[in-house]
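K.L.:
Coordinates in query-v6.cif, mmCIF, C-alpha atoms and all ligand atoms, are listed below.
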```cif
data_start
loop_
_atom_site.label_atom_id
_atom_site.label_comp_id
_atom_site.auth_asym_id
_atom_site.auth_seq_id
_atom_site.Cartn_x
_atom_site.Cartn_y
_atom_site.Cartn_z
CA MET A 1 75.73 23.81 38.37
CA LYS A 2 78.81 23.44 36.23
CA GLY A 3 77.80 26.49 34.26
CA SER A 4 77.36 28.63 37.35
CA ARG A 5 80.75 27.52 38.66
CA ARG A 6 82.45 28.51 35.48
CA ALA A 7 80.68 31.84 35.48
CA GLU A 8 81.95 32.60 38.97
CA SER A 9 84.36 35.46 38.59
CA VAL A 10 86.65 36.41 41.42
CA SER A 11 86.34 40.11 40.73
CA ASP A 12 82.52 39.86 40.83
CA LEU A 13 82.72 38.00 44.12
CA VAL A 14 85.03 40.61 45.62
CA ALA A 15 82.76 43.41 44.38
CA SER A 16 79.70 41.69 45.89
CA ALA A 17 81.54 41.08 49.17
CA ARG A 18 82.50 44.75 49.27
CA ALA A 19 78.89 45.68 48.60
CA GLY A 20 77.96 43.81 51.78
CA GLN A 21 76.73 40.50 50.40
CA ALA A 22 77.29 37.86 53.07
CA ARG A 23 77.02 35.04 50.53
CA ALA A 24 79.97 36.40 48.56
CA VAL A 25 82.02 36.80 51.74
CA ALA A 26 81.26 33.19 52.69
CA ARG A 27 82.15 31.97 49.21
CA LEU A 28 85.48 33.80 49.23
CA ILE A 29 86.38 32.33 52.62
CA SER A 30 85.52 28.87 51.29
CA LEU A 31 87.80 29.39 48.29
CA VAL A 32 90.58 30.34 50.68
CA GLU A 33 89.93 27.45 53.05
CA ASP A 34 89.75 24.86 50.29
CA GLU A 35 92.94 26.19 48.74
CA SER A 36 91.05 26.59 45.51
CA PRO A 37 93.01 27.02 42.28
CA LEU A 38 91.49 30.52 42.38
CA LEU A 39 93.29 31.31 45.64
CA ARG A 40 96.00 33.30 43.93
CA GLU A 41 93.48 35.37 42.05
CA VAL A 42 91.42 35.90 45.20
CA THR A 43 94.44 37.12 47.16
CA ALA A 44 95.41 39.51 44.38
CA ALA A 45 91.89 40.88 44.06
CA LEU A 46 91.62 41.49 47.81
CA ALA A 47 95.02 43.14 48.22
CA PRO A 48 94.11 46.72 47.25
CA HIS A 49 91.20 46.73 49.70
CA THR A 50 92.94 45.53 52.84
CA GLY A 51 94.62 47.14 55.83
CA ARG A 52 91.70 49.12 57.20
CA ALA A 53 90.20 46.72 59.72
CA HIS A 54 91.28 46.47 63.33
CA VAL A 55 92.19 42.80 63.73
CA ILE A 56 91.53 41.66 67.28
CA GLY A 57 92.54 38.24 68.58
CA LEU A 58 90.62 36.84 71.55
CA THR A 59 92.00 33.86 73.39
CA GLY A 60 91.60 32.01 76.67
CA SER A 61 91.00 28.58 78.16
CA PRO A 62 87.81 26.68 77.32
CA GLY A 63 84.93 27.85 79.51
CA VAL A 64 86.44 31.21 80.35
CA GLY A 65 83.68 32.98 78.41
CA LYS A 66 85.12 33.63 74.95
CA SER A 67 81.92 33.00 73.02
CA THR A 68 79.84 35.01 75.48
CA SER A 69 82.40 37.84 75.39
CA THR A 70 82.55 37.78 71.60
CA SER A 71 78.80 38.18 71.51
CA ALA A 72 78.94 41.05 74.01
CA LEU A 73 81.72 42.75 72.06
CA ILE A 74 79.76 42.42 68.82
CA ARG A 75 76.82 44.11 70.50
CA ALA A 76 78.99 46.95 71.80
CA PHE A 77 80.61 47.53 68.40
CA ARG A 78 77.25 47.41 66.65
CA GLU A 79 75.87 50.05 69.01
CA GLN A 80 78.61 52.31 67.68
CA GLY A 81 77.66 51.41 64.12
CA ARG A 82 80.80 49.41 63.44
CA ARG A 83 80.61 46.32 61.25
CA VAL A 84 82.12 43.18 62.77
CA GLY A 85 83.48 40.03 61.12
CA VAL A 86 84.20 37.07 63.38
CA LEU A 87 86.34 34.00 62.77
CA ALA A 88 85.93 31.36 65.45
CA ILE A 89 88.86 28.99 65.20
CA ASP A 90 88.48 25.55 66.69
CA PRO A 91 91.80 23.76 67.05
CA SER A 92 90.20 20.46 68.01
CA SER A 93 87.80 20.20 65.15
CA PRO A 94 88.31 18.88 61.66
CA PHE A 95 85.07 20.57 60.64
CA SER A 96 84.71 24.06 59.32
CA GLY A 97 82.43 26.26 57.31
CA GLY A 98 80.00 26.99 60.07
CA ALA A 99 79.29 23.49 61.32
CA LEU A 100 80.04 24.48 64.89
CA LEU A 101 78.25 27.77 65.02
CA GLY A 102 75.14 26.33 66.61
CA ASP A 103 76.85 24.85 69.62
CA ARG A 104 80.05 26.78 70.15
CA VAL A 105 79.31 30.34 69.24
CA ARG A 106 76.16 31.55 70.91
CA MET A 107 75.36 34.42 68.67
CA GLY A 108 71.90 33.72 67.41
CA ASP A 109 70.90 37.28 68.21
CA HIS A 110 73.22 38.57 65.49
CA ALA A 111 71.99 36.15 62.85
CA THR A 112 69.87 38.68 60.99
CA ASP A 113 72.22 41.63 61.35
CA GLU A 114 73.92 42.46 58.05
CA GLY A 115 76.66 44.30 59.89
CA VAL A 116 77.84 41.03 61.44
CA PHE A 117 79.45 38.06 59.73
CA ILE A 118 80.40 34.98 61.75
CA ARG A 119 82.26 31.98 60.53
CA SER A 120 83.88 29.08 62.33
CA MET A 121 86.93 27.44 60.87
CA ALA A 122 88.98 24.38 61.65
CA ALA A 123 92.38 25.38 62.95
CA ARG A 124 94.44 23.12 60.78
CA GLY A 125 94.53 23.80 57.08
CA HIS A 126 95.64 21.21 54.57
CA LEU A 127 99.12 22.57 54.77
CA GLY A 128 99.04 22.61 58.54
CA GLY A 129 98.83 25.49 60.90
CA LEU A 130 96.55 28.30 61.80
CA SER A 131 98.94 30.47 59.88
CA TRP A 132 97.76 29.33 56.47
CA SER A 133 94.09 29.97 55.84
CA THR A 134 93.33 32.21 58.80
CA PRO A 135 95.23 35.27 57.52
CA GLN A 136 93.58 34.87 54.14
CA ALA A 137 90.13 34.65 55.69
CA MET A 138 90.92 37.72 57.80
CA ARG A 139 91.85 39.52 54.61
CA VAL A 140 88.49 38.62 53.04
CA LEU A 141 86.67 40.22 55.98
CA ASP A 142 88.97 43.23 55.95
CA ALA A 143 88.44 43.77 52.22
CA ALA A 144 84.69 43.29 52.65
CA GLY A 145 84.75 46.43 54.79
CA PHE A 146 84.33 45.07 58.29
CA ASP A 147 85.68 47.67 60.70
CA VAL A 148 86.58 45.05 63.25
CA VAL A 149 87.78 41.52 62.53
CA LEU A 150 87.58 39.39 65.65
CA VAL A 151 89.50 36.11 65.67
CA GLU A 152 88.52 33.85 68.53
CA THR A 153 90.69 30.86 69.45
CA VAL A 154 90.71 28.37 72.25
CA GLY A 155 93.83 28.84 74.29
CA VAL A 156 95.37 25.43 73.99
CA GLY A 157 98.76 24.51 72.66
CA GLN A 158 100.30 26.84 70.18
CA SER A 159 97.16 28.39 68.77
CA GLU A 160 97.01 31.36 71.13
CA VAL A 161 100.58 32.26 70.36
CA GLU A 162 99.84 31.98 66.66
CA VAL A 163 96.78 34.17 66.91
CA ALA A 164 98.85 36.78 68.71
CA GLY A 165 101.10 36.82 65.68
CA LEU A 166 98.12 37.46 63.41
CA ALA A 167 96.23 40.10 65.32
CA ASP A 168 96.87 43.81 65.73
CA THR A 169 95.57 43.58 69.29
CA THR A 170 95.39 40.43 71.39
CA VAL A 171 92.90 40.08 74.21
CA VAL A 172 93.60 37.39 76.80
CA LEU A 173 90.56 36.30 78.74
CA LEU A 174 90.84 34.84 82.23
CA ALA A 175 88.26 33.88 84.82
CA PRO A 176 88.23 32.96 88.50
CA GLY A 177 87.99 29.34 89.52
CA MET A 178 90.01 28.04 86.61
CA GLY A 179 93.49 28.23 88.07
CA ASP A 180 94.11 30.80 85.39
CA GLY A 181 96.39 33.05 87.41
CA ILE A 182 99.16 30.50 87.65
CA GLN A 183 98.35 28.88 84.35
CA ALA A 184 98.70 32.19 82.58
CA ALA A 185 102.35 32.43 83.49
CA LYS A 186 102.97 28.83 82.55
CA ALA A 187 101.33 29.13 79.18
CA GLY A 188 103.41 32.14 78.26
CA ILE A 189 100.18 34.11 78.04
CA LEU A 190 101.86 37.05 79.75
CA GLU A 191 103.88 37.77 76.66
CA ILE A 192 101.01 37.86 74.21
CA GLY A 193 98.26 39.97 75.78
CA ASP A 194 97.77 43.62 74.88
CA VAL A 195 94.57 43.77 76.91
CA TYR A 196 93.69 41.39 79.75
CA VAL A 197 90.12 40.73 80.73
CA VAL A 198 89.07 38.94 83.90
CA ASN A 199 85.62 37.69 82.97
CA LYS A 200 83.02 36.31 85.41
CA ALA A 201 83.67 39.28 87.65
CA ASP A 202 80.35 38.43 89.34
CA ARG A 203 82.12 35.48 90.94
CA ASP A 204 84.31 35.36 94.02
CA GLY A 205 87.95 35.32 93.18
CA ALA A 206 87.88 37.76 90.27
CA PRO A 207 89.74 40.51 92.17
CA GLN A 208 92.39 37.99 93.16
CA VAL A 209 92.94 36.84 89.58
CA ALA A 210 93.33 40.50 88.58
CA ARG A 211 95.77 41.14 91.46
CA GLU A 212 97.92 38.12 90.62
CA LEU A 213 97.99 39.09 87.00
CA ARG A 214 98.95 42.67 87.85
CA ALA A 215 101.78 41.43 90.04
CA MET A 216 103.08 39.20 87.25
CA LEU A 217 102.81 41.89 84.59
CA ASN A 218 104.70 44.31 86.79
CA PHE A 219 107.75 42.06 86.64
CA ALA A 220 108.07 42.90 82.98
CA GLU A 221 110.06 46.11 82.60
CA ARG A 222 108.52 48.69 80.32
CA SER A 223 110.26 51.74 79.02
CA GLU A 224 108.71 55.13 78.37
CA GLY A 225 106.11 55.14 75.63
CA GLU A 226 105.57 51.39 75.77
CA TRP A 227 102.09 49.97 76.04
CA ARG A 228 100.94 49.13 79.55
CA GLN A 229 98.51 46.23 79.33
CA PRO A 230 95.28 47.11 81.12
CA ILE A 231 93.51 44.50 83.25
CA LEU A 232 89.75 44.88 83.01
CA LYS A 233 86.87 43.05 84.62
CA THR A 234 83.71 41.98 82.83
CA VAL A 235 80.53 40.03 83.26
CA ALA A 236 80.11 38.94 79.68
CA GLN A 237 76.60 37.61 80.22
CA THR A 238 75.22 40.99 81.26
CA GLY A 239 77.68 43.10 79.27
CA ASP A 240 79.05 44.75 82.42
CA GLY A 241 82.48 46.27 81.75
CA VAL A 242 82.41 45.51 78.04
CA SER A 243 82.38 49.18 77.03
CA ASP A 244 85.67 49.59 78.94
CA VAL A 245 87.12 46.73 76.90
CA VAL A 246 86.05 48.44 73.69
CA ALA A 247 87.66 51.67 74.90
CA ALA A 248 90.91 49.83 75.72
CA LEU A 249 90.90 48.19 72.28
CA ASP A 250 90.51 51.58 70.63
CA GLU A 251 93.28 53.03 72.77
CA HIS A 252 95.58 50.18 71.84
CA ARG A 253 94.78 50.65 68.17
CA ALA A 254 95.63 54.34 68.43
CA TRP A 255 98.89 53.55 70.26
CA LEU A 256 99.80 50.95 67.61
CA ALA A 257 99.46 53.57 64.91
CA SER A 258 101.19 56.43 66.70
CA SER A 259 104.13 54.33 67.92
CA GLY A 260 104.78 52.71 64.54
CA THR A 261 104.11 49.29 66.07
CA LEU A 262 101.20 48.62 63.73
CA ALA A 263 103.35 48.83 60.62
CA HIS A 264 106.03 46.75 62.33
CA ARG A 265 103.61 44.00 63.40
CA ARG A 266 101.95 43.87 60.02
CA ALA A 267 105.27 43.67 58.20
CA ARG A 268 106.35 40.81 60.45
CA ARG A 269 103.07 39.08 59.72
CA ALA A 270 103.51 39.55 55.96
CA ARG A 271 107.07 38.22 56.11
CA ALA A 272 105.97 35.06 57.88
CA GLU A 273 103.24 34.59 55.33
CA ILE A 274 105.52 35.12 52.34
CA GLU A 275 107.98 32.62 53.79
CA ALA A 276 105.26 30.06 54.40
CA ILE A 277 104.00 30.43 50.82
CA ALA A 278 107.52 30.19 49.38
CA VAL A 279 108.31 27.06 51.38
CA ALA A 280 104.99 25.46 50.42
CA SER A 281 105.68 26.32 46.79
CA LEU A 282 109.14 24.75 46.91
CA ARG A 283 107.68 21.63 48.44
CA ARG A 284 105.05 21.44 45.72
CA ARG A 285 107.69 21.79 43.01
CA TRP A 286 109.74 18.94 44.45
CA THR A 287 106.65 16.81 44.26
CA GLU A 288 105.85 17.96 40.72
CA VAL A 289 109.33 17.23 39.37
CA GLY A 290 109.37 13.86 41.10
CA GLU A 291 112.10 14.74 43.53
CA HIS A 292 110.35 13.04 46.40
CA ASP A 293 112.25 9.85 45.59
CA GLN A 294 115.41 11.86 45.56
CA LEU A 295 114.52 13.25 48.97
CA ASP A 296 114.21 9.69 50.29
CA ALA A 297 117.58 8.78 48.82
CA LEU A 298 119.17 11.89 50.31
CA ALA A 299 117.63 11.12 53.70
CA THR A 300 119.10 7.62 53.62
CA ALA A 301 122.51 9.06 52.72
CA VAL A 302 122.32 11.47 55.66
CA VAL A 303 121.29 8.69 58.07
CA ASP A 304 124.12 6.48 56.77
CA GLY A 305 126.65 9.27 57.20
CA GLN A 306 127.43 9.43 53.48
CA SER A 307 126.16 12.98 53.29
CA ASP A 308 125.16 15.71 55.68
CA SER A 309 121.85 17.53 55.80
CA TYR A 310 123.24 20.86 54.49
CA ALA A 311 124.90 19.19 51.50
CA ALA A 312 121.73 17.20 50.87
CA ALA A 313 119.63 20.37 50.93
CA ASP A 314 121.99 21.91 48.36
CA VAL A 315 121.52 18.90 46.09
CA LEU A 316 117.75 19.22 46.39
CA LEU A 317 117.76 22.95 45.61
CA ASP A 318 120.20 22.47 42.72
CA SER A 319 117.96 19.82 41.19
CA LEU A 320 115.09 22.32 41.19
CA ASP A 321 117.25 24.89 39.42
CA HIS A 322 118.03 22.33 36.72
CA HIS A 323 114.36 21.57 36.23
CA VAL A 324 113.48 25.23 36.00
CA GLY A 325 116.32 25.82 33.53
P1 LIG A 401 84.18 29.68 76.04
O1 LIG A 401 84.33 28.20 76.09
O2 LIG A 401 85.43 30.37 76.48
O3 LIG A 401 83.69 30.18 74.72
O4 LIG A 401 83.09 30.08 77.15
P2 LIG A 401 81.53 30.39 77.00
O5 LIG A 401 81.33 31.74 76.45
O6 LIG A 401 80.89 29.25 76.29
O7 LIG A 401 81.10 30.41 78.52
C1 LIG A 401 81.27 29.28 79.39
C2 LIG A 401 80.22 29.33 80.49
O8 LIG A 401 80.45 30.45 81.32
C3 LIG A 401 78.81 29.49 79.96
O9 LIG A 401 77.96 28.69 80.73
C4 LIG A 401 78.52 30.95 80.13
O10 LIG A 401 77.16 31.21 80.29
C5 LIG A 401 79.29 31.26 81.41
N1 LIG A 401 79.70 32.67 81.51
C6 LIG A 401 80.22 33.45 80.51
N2 LIG A 401 80.47 34.68 80.97
C7 LIG A 401 80.13 34.68 82.29
C8 LIG A 401 80.16 35.68 83.32
O11 LIG A 401 80.59 36.82 83.14
N3 LIG A 401 79.75 35.28 84.56
C9 LIG A 401 79.29 34.04 84.82
N4 LIG A 401 78.91 33.74 86.05
N5 LIG A 401 79.23 33.09 83.87
C10 LIG A 401 79.65 33.40 82.61
#
```
Represent the structure of the file as structure tokens.
Ligand code: GDP
P.N.:
Amino acid sequence: MKGSRRAESVSDLVASARAGQARAVARLISLVEDESPLLREVTAALAPHTGRAHVIGLTGSPGVGKSTSTSALIRAFREQGRRVGVLAIDPSSPFSGGALLGDRVRMGDHATDEGVFIRSMAARGHLGGLSWSTPQAMRVLDAAGFDVVLVETVGVGQSEVEVAGLADTTVVLLAPGMGDGIQAAKAGILEIGDVYVVNKADRDGAPQVARELRAMLNFAERSEGEWRQPILKTVAQTGDGVSDVVAALDEHRAWLASSGTLAHRRARRARAEIEAIAVASLRRRWTEVGEHDQLDALATAVVDGQSDSYAAADVLLDSLDHHVG
């Protein structure tokens, strides 16, 4: 066991993942999730192979039909010969690595398809936030040659807003009978969707949800050349309307590229990631050089009015400089 671990080379893993080996893909995602000491090497090895996939975020309230829709979308993409990688993010679960696949993601019919890779992940990484391991895992799937990377999140709290920051295209799923029309506005969902899907269109109330949504979206002014979010209806269980969703996703992808928005969104994403890594690295260095005690002392000084938080931050940063020097 020890021997095989030592023999594990990151470049071999990346090569195997790129050759379509699901085991290598899974292993790379685990390295990312566990914040392995190899993480740096993994990220560097993936870098030259990324940027090709269309990253699609799918969000909506629990029960709206995300898992069913994901499965239907996978089927539609596969019919076109596109390879699909799926990350199902569960914000409520401390478990990851596929523990939830059986119950939450009903995709047994894709289990033997080599063109499909599905993985569920806990939302919160060790360093906190969807924003840490999710983009790295997305990068693994992108580098492994999946044409589409689908990131599915439950629309509670901040996670749907975060996923919108990570995806090229964000799909917001609604359904009748869930009070979603009004909730959508409240949750700020109107700002994040590129494509809106009213699922469970076989039920009464679907046209009304679509109408309400259209009315709300029309309040937002859009200038010439801006993307107009389509509102589509589906029955995820039967696959009705799903090909229209795929067409809308492709249209959005083409608009992203032609308008320059894709480069802009991706640069913003990279900036956020660089910042997060830099801040985490600073924090780690404070811990390493034993400045945590100093931080406590500084905090006390700020509380007592002997210092202020800006001056205290300067002291902390200066102390790092001294250690580095
Ligand atoms: P999730 O929690 O958002 O992932 O939702 P699921 O995909 O688990 O679906 C929740 C329930 O809605 C399940 O019982 C599905 O079978 C059902 N469902 C999903 N899509 C549709 C649909 O288009 N019409 C109807 N009537 N039920 C659906």
K.L.:
To one decimal place in Å, what is the distance between atom CA of Ser16 of chain A and atom CA of Pro37 of chain A?
P.N.:
20.1 Å
K.L.:
Please identify the residues whose atoms come within 9 Å of ligand LIG 401 (chain A), using only C-alpha atoms and all ligand atoms, and report them as number ranges by chain.
P.N.:
A: 59-71, 103-106, 152-155, 173, 175, 198-203, 233-240
K.L.:
Provide the atom CA of Ala88 of chain A to atom CA of Ile118 of chain A distance in Å, to one decimal place.
P.N.:
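Separating atom CA of Ala88 of chain A from atom CA of Ile118 of chain A is a distance of 7.6 Å.
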K.L.:
Counting all atoms listed in the file, select every polymer residue within 6 Å of (83.4, 49.7, 72.1) as defined in the file's coordinates, and provide the selection as an MDAnalysis selection string.
P.N.:
chainID A and resid 76:77 243 246:247
K.L.:
How many Å lie between atom CA of His252 of chain A and atom CA of Thr169 of chain A, rounded to one decimal?
P.N.:
7.1 Å
K.L.:
Report the centre and edge lengths, in Å to one decimal, of an axis-aligned box enclosing every atom of segment 277-287 of chain A listed in the file, padded by 8 Å on each side, as lines of an AutoDock Vina configuration file.
P.N.:
```
center_x = 106.9
center_y = 23.6
center_z = 47.2
size_x = 21.7
size_y = 29.6
size_z = 24.4
```
K.L.:
Which one of A:Asp147, A:Ala44, A:Arg119, A:Ala72 sits closest to Val245 of chain A if you count only C-alpha atoms?
P.N.:
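Once distances to Val245 of chain A are computed over only C-alpha atoms, the minimum belongs to A:Ala72.
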K.L.:
Just the residues within 10 Å of Val195 of chain A, please, counting only C-alpha atoms, with nothing from its chain fewer than 4 positions along; format it as a short mmCIF file (atom, residue, chain, number, x, y, z; two decimals) with C-alpha atoms, in the coordinates of the input.
P.N.:
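After the write, selection_27.cif holds the following:
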```cif
data_model
loop_
_atom_site.label_atom_id
_atom_site.label_comp_id
_atom_site.auth_asym_id
_atom_site.auth_seq_id
_atom_site.Cartn_x
_atom_site.Cartn_y
_atom_site.Cartn_z
CA LEU A 58 90.62 36.84 71.55
CA THR A 169 95.57 43.58 69.29
CA THR A 170 95.39 40.43 71.39
CA VAL A 171 92.90 40.08 74.21
CA VAL A 172 93.60 37.39 76.80
CA LEU A 173 90.56 36.30 78.74
CA TRP A 227 102.09 49.97 76.04
CA ARG A 228 100.94 49.13 79.55
CA GLN A 229 98.51 46.23 79.33
CA PRO A 230 95.28 47.11 81.12
CA ILE A 231 93.51 44.50 83.25
CA LEU A 232 89.75 44.88 83.01
CA VAL A 245 87.12 46.73 76.90
CA ALA A 248 90.91 49.83 75.72
CA LEU A 249 90.90 48.19 72.28
CA HIS A 252 95.58 50.18 71.84
#
```
K.L.:
Nearest to Glu79 of chain A among A:Arg211, A:Val151, A:Asp113, A:Ala26, with distances taken over all atoms listed in the file: which residue is it?
P.N.:
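Nearest candidate to Glu79 of chain A out of A:Arg211, A:Val151, A:Asp113, A:Ala26: A:Asp113.
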K.L.:
Select, from A:Ala299, A:Leu31, A:Leu217, A:Val148, the residue with the minimum atom-to-atom distance to Ser9 of chain A, counting only C-alpha atoms.
P.N.:
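Among the listed residues, the smallest separation from Ser9 of chain A belongs to A:Leu31.
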K.L.:
Between A:Ala137, A:Leu295, A:Leu256, A:Leu282, which residue has the minimum interatomic distance to Ser30 of chain A, considering all atoms listed in the file?
P.N.:
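For Ser30 of chain A, the nearest of the given residues is A:Ala137.
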K.L.:
For a cut-off of 10 Å around (75.5, 44.7, 53.3), file coordinates, pick out all residues using only C-alpha atoms and list them as a ChimeraX atom specification.
P.N.:
/A:16-22,83,113-116,144-145
K.L.:
Between A:Ala215, A:Ala278, A:Ala272, A:Val197, which one has atoms that come closest to Asp244 of chain A, using all atoms listed in the file?
P.N.:
A:Val197
K.L.:
Go through A:Ala276, A:Met121, A:Val55, A:Leu28 one by one, measure the shortest atom-to-atom distance of each to Leu150 of chain A using only C-alpha atoms, and give the residue with the smallest value.
P.N.:
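Smallest distance to Leu150 of chain A is found for A:Val55.
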K.L.:
Missing atoms in segment 136-154 of chain A should be modelled up to N, CA, C and O atoms and reported as a tab-separated table (two decimals), in the frame of the given file.
P.N.:
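Okay, this is what ended up in rebuild-v4.tsv:
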```tsv
chain	number	residue	atom	x	y	z
A	136	GLN	N	94.30	34.62	55.39
A	136	GLN	CA	93.58	34.87	54.14
A	136	GLN	C	92.11	35.18	54.43
A	136	GLN	O	91.53	36.08	53.82
A	137	ALA	N	91.54	34.42	55.34
A	137	ALA	CA	90.13	34.65	55.69
A	137	ALA	C	89.96	36.02	56.35
A	137	ALA	O	88.98	36.73	56.11
A	138	MET	N	90.94	36.39	57.18
A	138	MET	CA	90.92	37.72	57.80
A	138	MET	C	90.93	38.80	56.74
A	138	MET	O	90.26	39.83	56.85
A	139	ARG	N	91.72	38.55	55.70
A	139	ARG	CA	91.85	39.52	54.61
A	139	ARG	C	90.52	39.66	53.85
A	139	ARG	O	90.18	40.75	53.41
A	140	VAL	N	89.81	38.55	53.70
A	140	VAL	CA	88.49	38.62	53.04
A	140	VAL	C	87.58	39.56	53.82
A	140	VAL	O	86.95	40.46	53.24
A	141	LEU	N	87.55	39.39	55.15
A	141	LEU	CA	86.67	40.22	55.98
A	141	LEU	C	87.11	41.68	55.97
A	141	LEU	O	86.29	42.59	55.91
A	142	ASP	N	88.41	41.88	56.01
A	142	ASP	CA	88.97	43.23	55.95
A	142	ASP	C	88.56	43.91	54.64
A	142	ASP	O	88.00	45.02	54.63
A	143	ALA	N	88.77	43.21	53.54
A	143	ALA	CA	88.44	43.77	52.22
A	143	ALA	C	86.94	43.99	52.07
A	143	ALA	O	86.50	44.90	51.36
A	144	ALA	N	86.14	43.15	52.75
A	144	ALA	CA	84.69	43.29	52.65
A	144	ALA	C	84.19	44.49	53.46
A	144	ALA	O	83.00	44.77	53.50
A	145	GLY	N	85.11	45.17	54.13
A	145	GLY	CA	84.75	46.43	54.79
A	145	GLY	C	84.34	46.31	56.24
A	145	GLY	O	83.76	47.24	56.80
A	146	PHE	N	84.62	45.17	56.86
A	146	PHE	CA	84.33	45.07	58.29
A	146	PHE	C	85.32	45.94	59.05
A	146	PHE	O	86.52	45.88	58.79
A	147	ASP	N	84.81	46.75	59.95
A	147	ASP	CA	85.68	47.67	60.70
A	147	ASP	C	86.52	46.90	61.70
A	147	ASP	O	87.67	47.26	61.97
A	148	VAL	N	85.91	45.87	62.26
A	148	VAL	CA	86.58	45.05	63.25
A	148	VAL	C	86.56	43.60	62.77
A	148	VAL	O	85.53	43.11	62.34
A	149	VAL	N	87.71	42.95	62.81
A	149	VAL	CA	87.78	41.52	62.53
A	149	VAL	C	88.23	40.84	63.82
A	149	VAL	O	89.33	41.10	64.32
A	150	LEU	N	87.33	40.03	64.36
A	150	LEU	CA	87.58	39.39	65.65
A	150	LEU	C	87.93	37.93	65.40
A	150	LEU	O	87.17	37.20	64.76
A	151	VAL	N	89.10	37.50	65.86
A	151	VAL	CA	89.50	36.11	65.67
A	151	VAL	C	89.54	35.45	67.04
A	151	VAL	O	90.33	35.83	67.90
A	152	GLU	N	88.64	34.49	67.22
A	152	GLU	CA	88.52	33.85	68.53
A	152	GLU	C	89.15	32.46	68.49
A	152	GLU	O	88.83	31.65	67.62
A	153	THR	N	90.09	32.19	69.40
A	153	THR	CA	90.69	30.86	69.45
A	153	THR	C	90.67	30.31	70.86
A	153	THR	O	90.75	31.06	71.83
A	154	VAL	N	90.60	29.02	70.95
A	154	VAL	CA	90.71	28.37	72.25
A	154	VAL	C	92.17	28.36	72.63
A	154	VAL	O	93.03	28.06	71.81
```
